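Printed here is upload_30.cif (mmCIF, C-alpha atoms):
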data_final
loop_
_atom_site.label_atom_id
_atom_site.label_comp_id
_atom_site.auth_asym_id
_atom_site.auth_seq_id
_atom_site.Cartn_x
_atom_site.Cartn_y
_atom_site.Cartn_z
CA MET A 17 9.06 10.43 -25.20
CA SER A 18 5.91 9.82 -23.19
CA LYS A 19 6.49 8.41 -19.72
CA THR A 20 3.31 6.41 -19.10
CA VAL A 21 2.87 4.04 -16.20
CA PRO A 22 0.07 1.64 -15.24
CA VAL A 23 -2.06 2.63 -12.26
CA GLY A 24 -2.84 0.31 -9.36
CA VAL A 25 -5.42 1.36 -6.77
CA SER A 26 -4.62 0.13 -3.27
CA ALA A 27 -7.58 -0.47 -1.01
CA ARG A 28 -6.96 -0.81 2.72
CA HIS A 29 -4.72 -3.78 3.49
CA ILE A 30 -2.30 -5.11 6.05
CA HIS A 31 1.19 -6.59 6.01
CA VAL A 32 1.90 -8.90 8.96
CA SER A 33 4.92 -10.40 10.68
CA GLN A 34 5.16 -14.16 11.18
CA GLU A 35 4.89 -13.60 14.94
CA HIS A 36 1.52 -11.93 14.41
CA VAL A 37 0.37 -14.56 11.88
CA ASP A 38 1.00 -17.16 14.62
CA ILE A 39 -1.12 -15.18 17.11
CA LEU A 40 -3.93 -14.35 14.66
CA PHE A 41 -4.21 -17.73 12.89
CA GLY A 42 -2.39 -20.23 15.10
CA LYS A 43 1.21 -21.30 15.68
CA GLY A 44 3.02 -22.24 12.46
CA TYR A 45 0.24 -20.98 10.18
CA GLU A 46 1.30 -20.01 6.66
CA LEU A 47 -0.51 -17.47 4.47
CA THR A 48 -2.08 -18.81 1.27
CA GLU A 49 -2.17 -16.97 -2.04
CA PHE A 50 -5.48 -15.60 -3.34
CA LYS A 51 -3.99 -13.76 -6.34
CA PRO A 52 -0.63 -12.32 -7.41
CA LEU A 53 -0.02 -8.56 -7.24
CA SER A 54 1.83 -6.31 -9.69
CA GLN A 55 5.11 -6.55 -7.78
CA PRO A 56 7.06 -9.80 -8.30
CA GLY A 57 6.64 -12.24 -5.40
CA GLN A 58 3.88 -10.19 -3.75
CA TYR A 59 0.34 -11.50 -3.41
CA ALA A 60 -3.06 -10.89 -1.88
CA ALA A 61 -3.63 -13.63 0.67
CA ASN A 62 -6.85 -15.54 1.20
CA GLU A 63 -6.64 -14.53 4.86
CA THR A 64 -8.32 -11.44 6.27
CA VAL A 65 -8.46 -9.84 9.71
CA ALA A 66 -10.50 -7.21 11.54
CA VAL A 67 -8.77 -3.97 12.54
CA ILE A 68 -10.19 -2.08 15.50
CA GLY A 69 -9.68 1.61 16.23
CA SER A 70 -11.12 3.94 18.87
CA LYS A 71 -14.20 4.88 16.79
CA GLY A 72 -14.87 1.74 14.79
CA GLN A 73 -13.52 -1.26 12.97
CA PHE A 74 -13.08 -2.72 9.51
CA ASP A 75 -13.75 -6.40 9.01
CA LYS A 76 -12.20 -8.53 6.27
CA VAL A 77 -9.05 -6.45 5.76
CA ARG A 78 -6.96 -8.37 3.23
CA ILE A 79 -3.47 -9.50 4.23
CA LEU A 80 -0.78 -9.01 1.60
CA GLY A 81 2.04 -11.53 1.53
CA PRO A 82 4.63 -12.66 2.01
CA VAL A 83 5.13 -11.94 5.72
CA ARG A 84 7.17 -8.88 6.63
CA PRO A 85 9.55 -8.10 9.49
CA GLU A 86 6.98 -5.72 11.03
CA THR A 87 3.20 -5.49 10.87
CA GLN A 88 1.85 -2.45 9.00
CA LEU A 89 -1.72 -1.39 8.22
CA GLU A 90 -2.22 0.83 5.15
CA ILE A 91 -5.47 2.79 5.03
CA SER A 92 -6.84 5.87 3.28
CA MET A 93 -7.32 9.20 5.02
CA THR A 94 -11.10 8.58 4.93
CA ASP A 95 -10.53 5.20 6.64
CA SER A 96 -8.36 6.95 9.22
CA PHE A 97 -11.23 9.27 10.20
CA ALA A 98 -13.77 6.42 10.19
CA ILE A 99 -11.97 4.25 12.74
CA GLY A 100 -10.45 7.04 14.84
CA VAL A 101 -6.74 6.53 14.14
CA LYS A 102 -4.66 9.55 13.11
CA ALA A 103 -2.55 7.82 10.47
CA PRO A 104 0.22 9.94 8.94
CA VAL A 105 1.21 9.83 5.28
CA ARG A 106 4.36 7.71 5.12
CA GLU A 107 6.43 5.63 2.77
CA SER A 108 5.74 1.93 3.27
CA GLY A 109 8.00 0.57 5.99
CA SER A 110 8.49 3.96 7.69
CA ILE A 111 6.41 3.29 10.80
CA GLU A 112 8.37 4.89 13.65
CA GLY A 113 6.13 7.35 15.51
CA THR A 114 2.93 6.09 13.90
CA PRO A 115 -0.18 5.02 15.82
CA GLY A 116 -1.09 1.43 16.57
CA ILE A 117 -4.26 -0.59 16.29
CA THR A 118 -5.86 -3.83 17.47
CA ILE A 119 -5.94 -6.68 14.95
CA LYS A 120 -8.28 -9.64 15.37
CA GLY A 121 -7.95 -12.98 13.60
CA PRO A 122 -9.75 -16.29 13.95
CA ALA A 123 -7.30 -17.63 16.57
CA GLY A 124 -6.48 -14.51 18.57
CA GLU A 125 -5.82 -10.81 18.59
CA VAL A 126 -2.85 -8.51 18.93
CA THR A 127 -2.47 -4.81 19.61
CA ILE A 128 0.43 -3.12 17.87
CA ASP A 129 1.80 0.16 19.25
CA LYS A 130 2.86 1.48 15.81
CA GLY A 131 2.31 0.67 12.16
CA VAL A 132 -0.82 2.45 10.88
CA ILE A 133 -0.10 4.67 7.86
CA VAL A 134 -1.68 6.33 4.87
CA ALA A 135 0.75 5.11 2.21
CA ALA A 136 2.49 7.87 0.30
CA ARG A 137 1.55 7.70 -3.37
CA HIS A 138 4.42 6.17 -5.26
CA ILE A 139 5.65 4.56 -8.44
CA HIS A 140 7.63 1.33 -8.42
CA PHE A 141 10.33 1.42 -11.10
CA HIS A 142 12.53 -1.44 -12.20
CA THR A 143 16.07 -0.01 -12.35
CA SER A 144 16.03 -0.29 -16.17
CA ASP A 145 12.83 1.81 -16.45
CA ALA A 146 14.20 4.43 -14.05
CA ALA A 147 17.49 4.63 -15.97
CA LYS A 148 15.67 4.95 -19.31
CA TRP A 149 13.71 7.95 -18.01
CA GLY A 150 16.46 9.47 -15.82
CA ILE A 151 14.57 8.90 -12.58
CA GLU A 152 16.33 8.29 -9.26
CA ASP A 153 15.19 6.44 -6.14
CA LYS A 154 13.32 8.74 -3.70
CA GLN A 155 12.84 11.43 -6.37
CA MET A 156 9.53 13.29 -6.12
CA LEU A 157 7.54 13.33 -9.35
CA LYS A 158 4.50 15.07 -10.80
CA VAL A 159 2.03 12.75 -12.52
CA ARG A 160 -1.10 13.40 -14.62
CA LEU A 161 -4.13 11.14 -14.38
CA GLY A 162 -6.41 11.66 -17.40
CA GLY A 163 -10.12 11.10 -17.88
CA GLU A 164 -13.27 13.00 -17.10
CA ARG A 165 -12.07 13.88 -13.58
CA GLY A 166 -8.36 14.00 -14.45
CA LEU A 167 -5.94 15.68 -12.12
CA VAL A 168 -2.25 16.18 -11.50
CA LEU A 169 -0.67 14.55 -8.45
CA GLU A 170 2.43 16.13 -6.95
CA ASN A 171 4.86 14.53 -4.50
CA VAL A 172 4.69 11.09 -6.08
CA LEU A 173 7.60 9.11 -4.63
CA ALA A 174 9.85 7.16 -7.01
CA ARG A 175 10.89 3.78 -5.60
CA VAL A 176 13.58 2.08 -7.68
CA SER A 177 14.77 -1.53 -7.36
CA ASP A 178 15.83 -4.50 -9.46
CA SER A 179 12.97 -6.40 -7.80
CA PHE A 180 10.20 -3.95 -8.82
CA ALA A 181 7.89 -3.90 -11.82
CA LEU A 182 6.66 -0.58 -13.22
CA ASP A 183 3.42 0.38 -11.43
CA MET A 184 1.98 3.49 -9.78
CA HIS A 185 0.16 2.96 -6.48
CA ILE A 186 -2.50 5.37 -5.26
CA ASP A 187 -5.10 4.81 -2.56
CA THR A 188 -8.86 4.74 -2.93
CA ASP A 189 -9.30 8.40 -1.93
CA GLU A 190 -6.90 9.52 -4.67
CA ALA A 191 -8.44 7.15 -7.23
CA ASN A 192 -11.97 8.33 -6.43
CA ALA A 193 -10.96 11.99 -6.73
CA ALA A 194 -9.58 11.32 -10.23
CA GLY A 195 -12.12 8.71 -11.33
CA ALA A 196 -9.16 6.34 -11.80
CA ARG A 197 -9.29 2.54 -11.80
CA ASN A 198 -6.84 -0.35 -11.81
CA GLY A 199 -5.29 -0.69 -15.24
CA ASP A 200 -5.61 2.99 -16.20
CA THR A 201 -2.42 4.77 -17.20
CA ALA A 202 -0.82 7.91 -15.86
CA GLU A 203 1.83 10.16 -17.36
CA ILE A 204 4.90 11.42 -15.54
CA ILE A 205 5.12 15.11 -16.45
CA ASP A 206 7.93 16.30 -14.19
#
If you took the structure in this file and wrote it as structure tokens, what would it be?
Amino acid sequence: MSKTVPVGVSARHIHVSQEHVDILFGKGYELTEFKPLSQPGQYAANETVAVIGSKGQFDKVRILGPVRPETQLEISMTDSFAIGVKAPVRESGSIEGTPGITIKGPAGEVTIDKGVIVAARHIHFHTSDAAKWGIEDKQMLKVRLGGERGLVLENVLARVSDSFALDMHIDTDEANAAGARNGDTAEIID
């Protein structure tokens, strides 16, 4: 049985706390939805911010909603070099010991002392999909991306939850290396 999953390419983006939304956009501000994402209840917001590192900045970094308990910036390794922030590869939400950054919005700015990561490549599994294929939460997988520049990715983290929809997330560096695009499929091979 082939274990194919859809591929989603994650460009740089930021998750923000309500406290930081209030600082960046004004007290009581609420994010507005631009478009839904592959995971139920998640969306790309209309709102963007600038993120400023020691060597440069990126303007118009998309906020993903809804708000989170802690602010977290997810960038590629190439982005990390470009703005001068040594972001480690981490699972989303694992931000202890990570570097910070300055974030600027239309109403103000905030400097966080942690929260910049290169997101570990991962596959979201609904519990029923994981059970069907014998995959457990936090398991490391090997996945083949096909095509003209196809490659095999190791250390792909399985994330299993009743609230997830099946989707593999890789960043722009990984997608560019494989010539992969949103909507392509990948095959779990181990």
For Ile91 (chain A), work out the shell of residues within 7 Å, counting all atoms listed in the file and skipping chain neighbours fewer than 6 positions away, then give it as a list in words. Arg28, His29, Ile133 and Val134 of chain A
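Against the coordinates shown, the PyMOL selection byres ((chain A and resi 20) around 7) returns Ser18, Lys19, Val21, Pro22, Thr201, Ala202, Glu203 and Ile204 of chain A.
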CA of Gly199 (chain A) to CA of Gly163 (chain A), distance in Å rounded to a single decimal: 13.0 Å
Nearest to Arg137 (chain A), restricted to only C-alpha atoms and choosing among A:Gly42, A:Gly69, A:Gly24, A:Gly121, comes out as A:Gly24
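With all atoms listed in the file as the atoms that count, the minimum distance from Ser70 (chain A) to the choices A:Ile99, A:Ala123, A:Leu157, A:Ile39 is reached by A:Ile99.
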Taking the file as shown, find all residues satisfying the PyMOL selection byres ((chain A and resi 180-197) around 9) and write them as an MDAnalysis selection string. chainID A and resid 21:28 54:56 91:94 134:143 145 161:169 172 175:179 198:202
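Each of A:Ile79, A:Ala98, A:Ile205, A:Ala146 was compared to Arg160 (chain A) using all atoms listed in the file, and A:Ile205 turns out to be the nearest.
Rounded to one decimal, CA of Leu53 (chain A) and CA of Gln155 (chain A) lie 23.8 Å from each other.
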For CA of Phe50 (chain A) and CA of Arg84 (chain A), quote the distance in Å rounded to one decimal. 17.5 Å
Skipping near chain neighbours, those fewer than 6 positions away, what residues fall within 8 Å of Pro115 (chain A) using all atoms listed in the file, listed as a PyMOL selection string? chain A and resi 101-103+129-133
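The smallest atom-to-atom distance between Ser110 (chain A) and any of A:Glu35, A:Glu63, A:Glu46, A:Glu86, using all atoms listed in the file, is found for A:Glu86.
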Check which residues satisfy the PyMOL selection byres ((chain A and resi 81) around 12) in the file shown, then give them as a VMD selection string. chain A and resid 29 to 34 37 46 to 53 55 to 64 78 to 80 82 to 85 87 to 88
Counting only C-alpha atoms, the residue of A:Gly124, A:Ile119, A:Gln73, A:Ala66 that sits nearest Phe97 (chain A): A:Gln73
